[in-house]
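Engineer: Quick one, protein_1.cif (mmCIF, C-alpha atoms; chains and numbers go by the auth columns):
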data_final
#
loop_
_atom_site.group_PDB
_atom_site.id
_atom_site.type_symbol
_atom_site.label_atom_id
_atom_site.label_comp_id
_atom_site.label_asym_id
_atom_site.label_seq_id
_atom_site.Cartn_x
_atom_site.Cartn_y
_atom_site.Cartn_z
_atom_site.B_iso_or_equiv
_atom_site.auth_seq_id
_atom_site.auth_asym_id
ATOM 1 C CA MET A 1 15.549 -31.700 -61.345 0.00 1 A
ATOM 2 C CA LYS A 2 15.626 -34.096 -58.400 0.00 2 A
ATOM 3 C CA ILE A 3 13.360 -37.171 -58.586 0.00 3 A
ATOM 4 C CA LEU A 4 12.576 -39.332 -55.556 0.00 4 A
ATOM 5 C CA TYR A 5 10.845 -42.703 -55.368 0.00 5 A
ATOM 6 C CA PHE A 6 9.371 -44.308 -52.251 0.00 6 A
ATOM 7 C CA ALA A 7 8.151 -47.717 -51.054 0.00 7 A
ATOM 8 C CA TRP A 8 7.517 -50.276 -53.847 0.00 8 A
ATOM 9 C CA LEU A 9 8.203 -47.657 -56.526 0.00 9 A
ATOM 10 C CA ARG A 10 11.718 -47.265 -55.114 0.00 10 A
ATOM 11 C CA GLN A 11 12.173 -51.037 -55.328 0.00 11 A
ATOM 12 C CA ARG A 12 10.820 -51.205 -58.898 0.00 12 A
ATOM 13 C CA THR A 13 13.023 -48.390 -60.231 0.00 13 A
ATOM 14 C CA GLY A 14 15.989 -49.663 -58.223 0.00 14 A
ATOM 15 C CA THR A 15 16.890 -46.177 -57.012 0.00 15 A
ATOM 16 C CA PRO A 16 15.676 -43.900 -54.213 0.00 16 A
ATOM 17 C CA THR A 17 16.696 -40.721 -56.022 0.00 17 A
ATOM 18 C CA GLU A 18 18.084 -39.443 -59.327 0.00 18 A
ATOM 19 C CA THR A 19 18.869 -36.101 -60.921 0.00 19 A
ATOM 20 C CA ILE A 20 17.638 -35.480 -64.460 0.00 20 A
ATOM 21 C CA GLU A 21 17.494 -32.673 -66.983 0.00 21 A
ATOM 22 C CA LEU A 22 13.874 -31.927 -67.879 0.00 22 A
ATOM 23 C CA PRO A 23 13.463 -32.483 -71.656 0.00 23 A
ATOM 24 C CA ASP A 24 11.978 -29.710 -73.815 0.00 24 A
ATOM 25 C CA GLY A 25 8.231 -30.015 -74.112 0.00 25 A
ATOM 26 C CA VAL A 26 7.704 -31.727 -70.748 0.00 26 A
ATOM 27 C CA THR A 27 5.694 -29.279 -68.649 0.00 27 A
ATOM 28 C CA THR A 28 3.444 -31.356 -66.368 0.00 28 A
ATOM 29 C CA VAL A 29 3.642 -34.250 -63.915 0.00 29 A
ATOM 30 C CA ALA A 30 1.903 -36.472 -66.503 0.00 30 A
ATOM 31 C CA GLY A 31 4.544 -35.582 -69.126 0.00 31 A
ATOM 32 C CA LEU A 32 7.330 -36.231 -66.636 0.00 32 A
ATOM 33 C CA MET A 33 5.849 -39.647 -65.786 0.00 33 A
ATOM 34 C CA ALA A 34 5.884 -40.603 -69.476 0.00 34 A
ATOM 35 C CA HIS A 35 9.523 -39.503 -69.712 0.00 35 A
ATOM 36 C CA LEU A 36 10.529 -41.444 -66.586 0.00 36 A
ATOM 37 C CA GLY A 37 8.757 -44.500 -67.976 0.00 37 A
ATOM 38 C CA GLU A 38 11.237 -44.463 -70.882 0.00 38 A
ATOM 39 C CA ARG A 39 14.182 -44.369 -68.450 0.00 39 A
ATOM 40 C CA HIS A 40 12.702 -47.049 -66.181 0.00 40 A
ATOM 41 C CA PRO A 41 10.539 -49.646 -67.942 0.00 41 A
ATOM 42 C CA ALA A 42 9.588 -50.904 -64.459 0.00 42 A
ATOM 43 C CA PHE A 43 8.156 -47.463 -63.638 0.00 43 A
ATOM 44 C CA ALA A 44 6.060 -47.483 -66.833 0.00 44 A
ATOM 45 C CA GLU A 45 4.930 -51.027 -66.042 0.00 45 A
ATOM 46 C CA ALA A 46 3.957 -50.113 -62.483 0.00 46 A
ATOM 47 C CA VAL A 47 1.928 -47.114 -63.625 0.00 47 A
ATOM 48 C CA GLY A 48 0.443 -48.940 -66.619 0.00 48 A
ATOM 49 C CA ALA A 49 -0.589 -51.975 -64.599 0.00 49 A
ATOM 50 C CA GLY A 50 -3.075 -49.860 -62.707 0.00 50 A
ATOM 51 C CA GLY A 51 -0.775 -49.254 -59.746 0.00 51 A
ATOM 52 C CA ILE A 52 -1.858 -46.080 -58.022 0.00 52 A
ATOM 53 C CA VAL A 53 1.011 -43.598 -58.088 0.00 53 A
ATOM 54 C CA ARG A 54 0.806 -40.284 -56.274 0.00 54 A
ATOM 55 C CA CYS A 55 3.045 -37.266 -56.770 0.00 55 A
ATOM 56 C CA ALA A 56 4.448 -34.364 -54.776 0.00 56 A
ATOM 57 C CA VAL A 57 6.164 -31.321 -56.282 0.00 57 A
ATOM 58 C CA ASN A 58 8.418 -29.394 -53.911 0.00 58 A
ATOM 59 C CA GLN A 59 6.994 -31.434 -51.007 0.00 59 A
ATOM 60 C CA ARG A 60 3.315 -30.723 -51.671 0.00 60 A
ATOM 61 C CA HIS A 61 0.730 -33.248 -52.886 0.00 61 A
ATOM 62 C CA VAL A 62 -0.302 -32.424 -56.470 0.00 62 A
ATOM 63 C CA ASP A 63 -2.382 -33.823 -59.349 0.00 63 A
ATOM 64 C CA ARG A 64 -0.952 -35.001 -62.671 0.00 64 A
ATOM 65 C CA ASP A 65 -1.775 -31.764 -64.506 0.00 65 A
ATOM 66 C CA HIS A 66 0.458 -29.791 -62.087 0.00 66 A
ATOM 67 C CA PRO A 67 3.323 -27.924 -63.844 0.00 67 A
ATOM 68 C CA VAL A 68 6.948 -29.023 -63.392 0.00 68 A
ATOM 69 C CA ALA A 69 10.164 -27.103 -64.065 0.00 69 A
ATOM 70 C CA ASN A 70 13.897 -27.716 -63.805 0.00 70 A
ATOM 71 C CA GLY A 71 14.932 -27.093 -60.206 0.00 71 A
ATOM 72 C CA ASP A 72 11.796 -28.757 -58.785 0.00 72 A
ATOM 73 C CA GLU A 73 11.962 -31.676 -56.386 0.00 73 A
ATOM 74 C CA VAL A 74 9.450 -34.257 -57.610 0.00 74 A
ATOM 75 C CA ALA A 75 8.525 -37.392 -55.642 0.00 75 A
ATOM 76 C CA PHE A 76 6.518 -40.428 -56.757 0.00 76 A
ATOM 77 C CA PHE A 77 4.999 -42.865 -54.279 0.00 77 A
ATOM 78 C CA PRO A 78 2.065 -45.217 -53.605 0.00 78 A
ATOM 79 C CA PRO A 79 -0.881 -43.919 -51.543 0.00 79 A
ATOM 80 C CA VAL A 80 0.398 -43.282 -48.015 0.00 80 A
ATOM 81 C CA THR A 81 -0.194 -45.831 -45.228 0.00 81 A
ATOM 82 C CA GLY A 82 1.049 -44.186 -42.023 0.00 82 A
ATOM 83 C CA GLY A 83 -0.820 -43.624 -38.792 0.00 83 A
ATOM 84 C CA MET B 1 5.070 -32.300 -34.047 0.00 1 B
ATOM 85 C CA ARG B 2 7.940 -34.793 -34.011 0.00 2 B
ATOM 86 C CA VAL B 3 9.126 -37.526 -36.369 0.00 3 B
ATOM 87 C CA GLN B 4 11.481 -39.959 -34.669 0.00 4 B
ATOM 88 C CA ALA B 5 12.790 -43.535 -34.702 0.00 5 B
ATOM 89 C CA GLU B 6 12.688 -43.998 -30.914 0.00 6 B
ATOM 90 C CA PRO B 7 9.635 -45.306 -29.017 0.00 7 B
ATOM 91 C CA PHE B 8 7.736 -42.783 -26.869 0.00 8 B
ATOM 92 C CA ASP B 9 5.933 -42.865 -23.528 0.00 9 B
ATOM 93 C CA VAL B 10 2.287 -41.804 -23.904 0.00 10 B
ATOM 94 C CA GLY B 11 1.850 -40.817 -20.248 0.00 11 B
ATOM 95 C CA GLN B 12 4.930 -38.645 -20.278 0.00 12 B
ATOM 96 C CA GLU B 13 3.929 -36.975 -23.560 0.00 13 B
ATOM 97 C CA LEU B 14 0.419 -36.149 -22.296 0.00 14 B
ATOM 98 C CA ALA B 15 1.732 -34.802 -18.990 0.00 15 B
ATOM 99 C CA GLN B 16 4.142 -32.509 -20.850 0.00 16 B
ATOM 100 C CA LEU B 17 1.384 -31.358 -23.211 0.00 17 B
ATOM 101 C CA THR B 18 -0.798 -29.972 -20.420 0.00 18 B
ATOM 102 C CA ALA B 19 1.886 -28.946 -17.899 0.00 19 B
ATOM 103 C CA GLY B 20 1.516 -25.353 -16.746 0.00 20 B
ATOM 104 C CA ASN B 21 -1.846 -24.688 -18.429 0.00 21 B
ATOM 105 C CA THR B 22 -4.674 -25.020 -15.907 0.00 22 B
ATOM 106 C CA GLY B 23 -7.168 -23.580 -18.408 0.00 23 B
ATOM 107 C CA ILE B 24 -7.243 -26.962 -20.134 0.00 24 B
ATOM 108 C CA GLY B 25 -10.362 -28.953 -19.266 0.00 25 B
ATOM 109 C CA GLY B 26 -9.698 -32.123 -21.205 0.00 26 B
ATOM 110 C CA VAL B 27 -7.212 -34.037 -23.329 0.00 27 B
ATOM 111 C CA ALA B 28 -8.114 -36.463 -26.112 0.00 28 B
ATOM 112 C CA SER B 29 -5.513 -38.817 -27.518 0.00 29 B
ATOM 113 C CA PHE B 30 -5.118 -41.619 -30.044 0.00 30 B
ATOM 114 C CA THR B 31 -2.195 -44.054 -29.976 0.00 31 B
ATOM 115 C CA GLY B 32 -1.594 -46.327 -32.974 0.00 32 B
ATOM 116 C CA LEU B 33 0.130 -49.655 -32.206 0.00 33 B
ATOM 117 C CA VAL B 34 1.784 -52.330 -34.336 0.00 34 B
ATOM 118 C CA ARG B 35 -0.730 -55.200 -34.617 0.00 35 B
ATOM 119 C CA GLU B 36 0.633 -58.730 -34.432 0.00 36 B
ATOM 120 C CA PHE B 37 -1.909 -60.039 -36.962 0.00 37 B
ATOM 121 C CA ALA B 38 -2.516 -58.418 -40.354 0.00 38 B
ATOM 122 C CA GLY B 39 -4.402 -59.907 -43.276 0.00 39 B
ATOM 123 C CA GLY B 40 -4.584 -63.264 -41.518 0.00 40 B
ATOM 124 C CA ARG B 41 -0.849 -63.641 -40.952 0.00 41 B
ATOM 125 C CA ARG B 42 1.422 -63.183 -37.951 0.00 42 B
ATOM 126 C CA LEU B 43 3.903 -60.325 -38.213 0.00 43 B
ATOM 127 C CA THR B 44 7.427 -60.358 -36.842 0.00 44 B
ATOM 128 C CA SER B 45 8.059 -56.653 -37.488 0.00 45 B
ATOM 129 C CA MET B 46 6.876 -53.580 -39.327 0.00 46 B
ATOM 130 C CA THR B 47 9.097 -50.959 -40.978 0.00 47 B
ATOM 131 C CA LEU B 48 7.878 -47.458 -41.747 0.00 48 B
ATOM 132 C CA GLU B 49 9.551 -45.617 -44.602 0.00 49 B
ATOM 133 C CA HIS B 50 8.966 -41.875 -44.896 0.00 50 B
ATOM 134 C CA TYR B 51 9.860 -38.791 -46.944 0.00 51 B
ATOM 135 C CA PRO B 52 12.119 -36.692 -44.699 0.00 52 B
ATOM 136 C CA GLY B 53 11.236 -33.039 -45.090 0.00 53 B
ATOM 137 C CA MET B 54 7.794 -33.476 -46.635 0.00 54 B
ATOM 138 C CA THR B 55 6.621 -35.623 -43.715 0.00 55 B
ATOM 139 C CA GLU B 56 7.345 -32.831 -41.245 0.00 56 B
ATOM 140 C CA LEU B 57 5.759 -30.206 -43.541 0.00 57 B
ATOM 141 C CA GLU B 58 2.618 -32.294 -44.029 0.00 58 B
ATOM 142 C CA LEU B 59 2.215 -33.010 -40.296 0.00 59 B
ATOM 143 C CA ALA B 60 2.642 -29.285 -39.577 0.00 60 B
ATOM 144 C CA ARG B 61 -0.030 -28.473 -42.215 0.00 61 B
ATOM 145 C CA VAL B 62 -2.466 -30.971 -40.706 0.00 62 B
ATOM 146 C CA GLU B 63 -1.839 -29.625 -37.206 0.00 63 B
ATOM 147 C CA ALA B 64 -2.306 -26.009 -38.371 0.00 64 B
ATOM 148 C CA GLU B 65 -5.628 -27.013 -39.968 0.00 65 B
ATOM 149 C CA ALA B 66 -6.847 -28.475 -36.649 0.00 66 B
ATOM 150 C CA LEU B 67 -5.785 -25.347 -34.753 0.00 67 B
ATOM 151 C CA ALA B 68 -7.697 -23.202 -37.265 0.00 68 B
ATOM 152 C CA ARG B 69 -10.871 -25.290 -36.936 0.00 69 B
ATOM 153 C CA TRP B 70 -11.099 -25.880 -33.168 0.00 70 B
ATOM 154 C CA PRO B 71 -10.294 -23.777 -30.088 0.00 71 B
ATOM 155 C CA LEU B 72 -7.339 -25.825 -28.840 0.00 72 B
ATOM 156 C CA ASP B 73 -4.946 -24.985 -26.015 0.00 73 B
ATOM 157 C CA ALA B 74 -2.369 -27.531 -27.132 0.00 74 B
ATOM 158 C CA SER B 75 -1.825 -30.267 -29.710 0.00 75 B
ATOM 159 C CA LEU B 76 0.792 -32.905 -30.360 0.00 76 B
ATOM 160 C CA ILE B 77 1.676 -35.360 -33.115 0.00 77 B
ATOM 161 C CA VAL B 78 4.513 -37.858 -32.592 0.00 78 B
ATOM 162 C CA HIS B 79 5.103 -40.293 -35.470 0.00 79 B
ATOM 163 C CA ARG B 80 7.815 -42.958 -35.606 0.00 80 B
ATOM 164 C CA TYR B 81 9.698 -44.354 -38.595 0.00 81 B
ATOM 165 C CA GLY B 82 12.003 -47.353 -38.978 0.00 82 B
ATOM 166 C CA LYS B 83 11.595 -50.885 -37.653 0.00 83 B
ATOM 167 C CA MET B 84 9.016 -51.669 -34.935 0.00 84 B
ATOM 168 C CA LEU B 85 7.795 -54.806 -33.198 0.00 85 B
ATOM 169 C CA PRO B 86 4.211 -55.907 -32.477 0.00 86 B
ATOM 170 C CA GLY B 87 2.805 -53.996 -29.515 0.00 87 B
ATOM 171 C CA GLU B 88 5.053 -50.972 -29.970 0.00 88 B
ATOM 172 C CA PRO B 89 3.543 -47.510 -30.469 0.00 89 B
ATOM 173 C CA ILE B 90 3.658 -46.035 -34.009 0.00 90 B
ATOM 174 C CA VAL B 91 1.881 -42.709 -33.641 0.00 91 B
ATOM 175 C CA LEU B 92 0.430 -40.467 -30.954 0.00 92 B
ATOM 176 C CA VAL B 93 -2.056 -37.693 -31.633 0.00 93 B
ATOM 177 C CA ALA B 94 -3.279 -35.559 -28.716 0.00 94 B
ATOM 178 C CA THR B 95 -5.377 -32.422 -28.417 0.00 95 B
ATOM 179 C CA ALA B 96 -6.219 -30.338 -25.359 0.00 96 B
ATOM 180 C CA SER B 97 -9.019 -27.840 -24.968 0.00 97 B
ATOM 181 C CA ALA B 98 -11.221 -26.187 -22.351 0.00 98 B
ATOM 182 C CA HIS B 99 -14.102 -28.494 -23.355 0.00 99 B
ATOM 183 C CA ARG B 100 -14.346 -32.084 -24.521 0.00 100 B
ATOM 184 C CA HIS B 101 -15.995 -31.711 -27.925 0.00 101 B
ATOM 185 C CA ALA B 102 -13.175 -29.627 -29.407 0.00 102 B
ATOM 186 C CA ALA B 103 -10.576 -32.053 -28.054 0.00 103 B
ATOM 187 C CA LEU B 104 -12.371 -35.248 -29.168 0.00 104 B
ATOM 188 C CA GLU B 105 -13.328 -33.997 -32.638 0.00 105 B
ATOM 189 C CA SER B 106 -9.953 -32.462 -33.450 0.00 106 B
ATOM 190 C CA CYS B 107 -8.160 -35.624 -32.294 0.00 107 B
ATOM 191 C CA ALA B 108 -10.246 -37.763 -34.695 0.00 108 B
ATOM 192 C CA PHE B 109 -9.672 -35.202 -37.453 0.00 109 B
ATOM 193 C CA LEU B 110 -5.896 -35.256 -36.956 0.00 110 B
ATOM 194 C CA ILE B 111 -5.522 -39.034 -37.176 0.00 111 B
ATOM 195 C CA ASP B 112 -7.933 -39.282 -40.145 0.00 112 B
ATOM 196 C CA TRP B 113 -6.135 -36.573 -42.111 0.00 113 B
ATOM 197 C CA LEU B 114 -2.696 -37.792 -41.152 0.00 114 B
ATOM 198 C CA LYS B 115 -3.472 -41.283 -42.457 0.00 115 B
ATOM 199 C CA THR B 116 -4.214 -40.019 -45.970 0.00 116 B
ATOM 200 C CA ARG B 117 -1.679 -37.149 -46.203 0.00 117 B
ATOM 201 C CA ALA B 118 1.453 -37.799 -44.131 0.00 118 B
ATOM 202 C CA THR B 119 4.152 -39.409 -46.291 0.00 119 B
ATOM 203 C CA PHE B 120 4.681 -42.751 -44.544 0.00 120 B
ATOM 204 C CA TRP B 121 4.594 -46.271 -46.013 0.00 121 B
ATOM 205 C CA LYS B 122 4.272 -49.471 -43.962 0.00 122 B
ATOM 206 C CA PHE B 123 6.212 -52.619 -44.858 0.00 123 B
ATOM 207 C CA GLU B 124 5.113 -55.691 -42.882 0.00 124 B
ATOM 208 C CA GLU B 125 7.389 -58.689 -42.400 0.00 125 B
ATOM 209 C CA GLY B 126 6.169 -62.057 -41.196 0.00 126 B
ATOM 210 C CA GLU B 127 5.028 -65.473 -42.357 0.00 127 B
ATOM 211 C CA GLY B 128 5.606 -65.656 -46.116 0.00 128 B
ATOM 212 C CA GLY B 129 7.973 -62.687 -46.323 0.00 129 B
ATOM 213 C CA GLY B 130 7.511 -58.918 -46.609 0.00 130 B
ATOM 214 C CA LEU B 131 4.567 -56.939 -47.992 0.00 131 B
ATOM 215 C CA TRP B 132 3.885 -53.240 -48.559 0.00 132 B
ATOM 216 C CA VAL B 133 0.607 -52.333 -46.888 0.00 133 B
ATOM 217 C CA GLU B 134 -2.038 -51.080 -49.330 0.00 134 B
ATOM 218 C CA ALA B 135 -4.008 -47.917 -48.634 0.00 135 B
ATOM 219 C CA LYS B 136 -7.631 -48.460 -47.634 0.00 136 B
ATOM 220 C CA GLU B 137 -10.600 -46.776 -49.299 0.00 137 B
ATOM 221 C CA ALA B 138 -12.101 -46.487 -45.818 0.00 138 B
ATOM 222 C CA ASP B 139 -9.254 -44.126 -44.874 0.00 139 B
ATOM 223 C CA ASP B 140 -10.039 -41.833 -47.825 0.00 140 B
ATOM 224 C CA ALA B 141 -13.709 -41.873 -46.844 0.00 141 B
ATOM 225 C CA ALA B 142 -12.785 -40.983 -43.253 0.00 142 B
ATOM 226 C CA THR B 143 -10.838 -37.953 -44.474 0.00 143 B
ATOM 227 C CA LYS B 144 -13.564 -36.853 -46.902 0.00 144 B
ATOM 228 C CA ARG B 145 -16.106 -36.790 -44.085 0.00 145 B
ATOM 229 C CA TRP B 146 -14.217 -33.805 -42.622 0.00 146 B
ATOM 230 C CA HIS B 147 -14.434 -31.977 -45.947 0.00 147 B
ATOM 231 C CA LEU B 148 -18.175 -32.564 -46.127 0.00 148 B
ATOM 232 C CA ALA B 149 -18.595 -31.446 -42.535 0.00 149 B
ATOM 233 C CA THR B 150 -17.006 -28.068 -43.209 0.00 150 B
ATOM 234 C CA GLY B 151 -17.474 -27.551 -46.955 0.00 151 B
ATOM 235 C CA GLY B 152 -13.694 -27.518 -47.330 0.00 152 B
ATOM 236 C CA GLU B 153 -11.884 -28.364 -50.539 0.00 153 B
ATOM 237 C CA LEU B 154 -10.057 -31.643 -50.961 0.00 154 B
ATOM 238 C CA VAL B 155 -6.552 -30.714 -52.107 0.00 155 B
#
How does the structure come out when it is put into C-alpha cells?
Structural biologist:
Amino acid sequence: MKILYFAWLRQRTGTPTETIELPDGVTTVAGLMAHLGERHPAFAEAVGAGGIVRCAVNQRHVDRDHPVANGDEVAFFPPVTGG
Amino acid sequence: MRVQAEPFDVGQELAQLTAGNTGIGGVASFTGLVREFAGGRRLTSMTLEHYPGMTELELARVEAEALARWPLDASLIVHRYGKMLPGEPIVLVATASAHRHAALESCAFLIDWLKTRATFWKFEEGEGGGLWVEAKEADDAATKRWHLATGGELV
C-alpha cells in the first residue's frame, strides 16, 4: 500500500511517501491512521492535537470509515487551500 | 483544465476559450492573485504544493459538475503550482454561455468548489518565516451553499 503525506503532515512525518504492508485487522481509514501513528509519533501527535487531517483513497476524498485494502493509494493532508 | 507551474495570460486564455464559437453570448471569469499582505504581514513569495494526479482528477470532476448543472458552451480552469510572487496569477476559472446567468453562476460555483476540493496547499513566506495557510470556514460555507441550492449531497 502506498501512503502519501502533504503540506505540514509531510513535514511532520519527514517523508512525502512510503510503502507499507497493511496489518491484519486494519480495514478502514481510521484503523490505518492508528497504525501510522505507531510508525510516526509525529503523525499521532498531529492528529491527536486536534489538527484536521483529511484523507483520499485512490485519489478520491473519503471519510474515516472508508475501507482500505493492500494495493490502495492512500493520502493524508490538511484541508485544502488552493484557489 | 490545466495544472502548470508557468504564469498564464488571462486575455489570451479567454480569447482562445471563445474562438470559433459565435453562439457564445458572454464569458465570466475569476482570476486569483497572490496578495502581498496576509494576516497582517508582508509576503515575499507563496508556494503551492499539490497532489499530482488527484489534482487533475478533482478539477475534472468539478468542471464536469458545472457542465451538468448549467448550459455552457465552454469552460476553463488553469491552476498553477510552485513558487509565485505577489501580484502573479494563481488560478483562472472561466465559463462561456449563450446568456449571462449561466456563465456568472457557474463561474462562482467552480471557484467555490475548487477551493474546498482541489488538492492544493499554500505556503506563505515573508516577515517572520514561512507558514502553511489554514483553510477557512467561510470557504466550506461557500461550497455548501451550492449543495443547498440544488439539494445535492456533500461528498
Engineer: Measuring atom to atom with all atoms listed in the file, identify which of B:Arg41, B:His99, B:Arg80, B:Lys115 is nearest to Glu58 of chain B.
Structural biologist: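 Checking each of B:Arg41, B:His99, B:Arg80, B:Lys115 against Glu58 of chain B, counting all atoms listed in the file, the winner is B:Lys115.
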Engineer: Give me the residues of chain A that have any atom at most 8 Å from an atom of chain B; for each, the nearest atom pair and the distance in Å, rounded to one decimal. Use only C-alpha atoms, sort by chain and number, and format it as JSON lines.
Structural biologist:
{"residue": "A:Phe6", "atom": "CA", "partner": "B:Tyr51", "partner_atom": "CA", "distance": 7.7}
{"residue": "A:Ala7", "atom": "CA", "partner": "B:Trp121", "partner_atom": "CA", "distance": 6.3}
{"residue": "A:Trp8", "atom": "CA", "partner": "B:Trp132", "partner_atom": "CA", "distance": 7.1}
{"residue": "A:Gln59", "atom": "CA", "partner": "B:Met54", "partner_atom": "CA", "distance": 4.9}
{"residue": "A:Arg60", "atom": "CA", "partner": "B:Met54", "partner_atom": "CA", "distance": 7.3}
{"residue": "A:His61", "atom": "CA", "partner": "B:Val155", "partner_atom": "CA", "distance": 7.7}
{"residue": "A:Val62", "atom": "CA", "partner": "B:Val155", "partner_atom": "CA", "distance": 7.8}
{"residue": "A:Pro79", "atom": "CA", "partner": "B:Ala135", "partner_atom": "CA", "distance": 5.9}
{"residue": "A:Val80", "atom": "CA", "partner": "B:Trp121", "partner_atom": "CA", "distance": 5.5}
{"residue": "A:Thr81", "atom": "CA", "partner": "B:Trp121", "partner_atom": "CA", "distance": 4.9}
{"residue": "A:Gly82", "atom": "CA", "partner": "B:Phe120", "partner_atom": "CA", "distance": 4.6}
{"residue": "A:Gly83", "atom": "CA", "partner": "B:Lys115", "partner_atom": "CA", "distance": 5.1}
Engineer: To box segment 57-72 of chain A, take all atoms listed in the file, fit an axis-aligned box, add 3 Å on each side, and give centre and edge lengths in Å to one decimal, as JSON.
Structural biologist:
{"center_x": 6.3, "center_y": -31.0, "center_z": -57.8, "size_x": 23.3, "size_y": 13.9, "size_z": 19.5}
Engineer: Which protein, DNA or RNA residues are at most 8 Å from (8.4, -38.8, -31.6) in the file's coordinates when you count all atoms listed in the file, listed as a list in words?
Structural biologist: Met1, Arg2, Val3, Gln4, Ala5, Glu6, Pro7, Phe8, Ile77, Val78, His79, Arg80 and Val91 of chain B
Engineer: Measuring between all atoms listed in the file, which one of B:Ala66, B:Ala19, B:Ala103, B:Val10 shows the shortest distance to Trp146 of chain B?
Structural biologist: B:Ala66
Engineer: Excluding same-chain residues fewer than 2 positions from Pro78 of chain A, what lies within 6 Å of it counting only C-alpha atoms, as JSON, numbers by chain?
Structural biologist: {"A": [52, 53, 54]}
Engineer: Do you have the atom CA of Arg69 of chain B-atom CA of Ala28 of chain B distance handy?
Structural biologist: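 Distance between the two atoms: 15.8 Å.
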Engineer: What lies within 8 Å of Ala96 of chain B using all atoms listed in the file, ignoring chain neighbours under 3 positions off, as a list in words?
Structural biologist: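 Residues near the query, excluding close chain neighbours: Leu17, Thr18, Ile24, Gly25, Gly26, Val27, Ala28, Leu72, Asp73, Ala74, Ser75 and Ala103 of chain B.
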Engineer: Around (15.5, -28.6, -59.4) in the file's own coordinates, what residues are found within 10 Å if you use all atoms listed in the file, given back as a list in words?
Structural biologist: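 The requested residues, written out, are Met1, Lys2, Ile3, Thr19, Ile20, Glu21, Leu22, Asn58, Val68, Ala69, Asn70, Gly71, Asp72, Glu73 and Val74 of chain A.
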Engineer: Atom CA of Arg100 of chain B and atom CA of Arg35 of chain B are how many Å apart?
Structural biologist: 28.7 Å
Engineer: Evaluate the PyMOL selection byres ((chain A and resi 43) around 10) and record the selected residues as a PyMOL selection string, following the chain and residue labels used in the document.
Structural biologist: chain A and resi 5+9-14+33-34+36-42+44-49+51+53+76
Engineer: Expressed in Å to a single decimal, how great is the separation between atom CA of Val57 of chain A and atom CA of Lys144 of chain B?
Structural biologist: 22.5 Å
Engineer: Export segment 25-54 of chain A, C-alpha atoms, as a PDB file, in the first residue's frame; it's the structure right above.
Structural biologist:
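Result went into out06.pdb, see below:
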ATOM      1  CA  GLY A  25      -7.343  -6.386  11.166  1.00  0.00           C
ATOM      2  CA  VAL A  26      -6.882  -2.896   9.707  1.00  0.00           C
ATOM      3  CA  THR A  27      -9.825  -2.361   7.363  1.00  0.00           C
ATOM      4  CA  THR A  28     -10.680   1.358   7.482  1.00  0.00           C
ATOM      5  CA  VAL A  29      -9.007   4.754   7.152  1.00  0.00           C
ATOM      6  CA  ALA A  30      -9.417   5.245  10.927  1.00  0.00           C
ATOM      7  CA  GLY A  31      -7.629   1.931  11.610  1.00  0.00           C
ATOM      8  CA  LEU A  32      -4.863   2.847   9.182  1.00  0.00           C
ATOM      9  CA  MET A  33      -4.396   6.224  10.904  1.00  0.00           C
ATOM     10  CA  ALA A  34      -3.935   4.473  14.258  1.00  0.00           C
ATOM     11  CA  HIS A  35      -1.359   2.155  12.677  1.00  0.00           C
ATOM     12  CA  LEU A  36       0.537   5.034  11.044  1.00  0.00           C
ATOM     13  CA  GLY A  37       0.539   6.855  14.375  1.00  0.00           C
ATOM     14  CA  GLU A  38       2.616   3.983  15.803  1.00  0.00           C
ATOM     15  CA  ARG A  39       5.142   4.312  12.955  1.00  0.00           C
ATOM     16  CA  HIS A  40       5.256   8.114  13.176  1.00  0.00           C
ATOM     17  CA  PRO A  41       4.683   9.551  16.659  1.00  0.00           C
ATOM     18  CA  ALA A  42       4.551  12.986  14.989  1.00  0.00           C
ATOM     19  CA  PHE A  43       1.584  11.821  12.890  1.00  0.00           C
ATOM     20  CA  ALA A  44      -0.258  10.618  16.014  1.00  0.00           C
ATOM     21  CA  GLU A  45       0.576  13.902  17.742  1.00  0.00           C
ATOM     22  CA  ALA A  46      -0.676  15.969  14.807  1.00  0.00           C
ATOM     23  CA  VAL A  47      -3.961  14.071  14.650  1.00  0.00           C
ATOM     24  CA  GLY A  48      -4.358  13.941  18.435  1.00  0.00           C
ATOM     25  CA  ALA A  49      -3.681  17.639  18.905  1.00  0.00           C
ATOM     26  CA  GLY A  50      -6.868  18.450  17.057  1.00  0.00           C
ATOM     27  CA  GLY A  51      -5.151  19.036  13.721  1.00  0.00           C
ATOM     28  CA  ILE A  52      -7.668  18.486  10.968  1.00  0.00           C
ATOM     29  CA  VAL A  53      -6.455  15.675   8.728  1.00  0.00           C
ATOM     30  CA  ARG A  54      -8.285  14.741   5.551  1.00  0.00           C
TER      31      ARG A  54
END
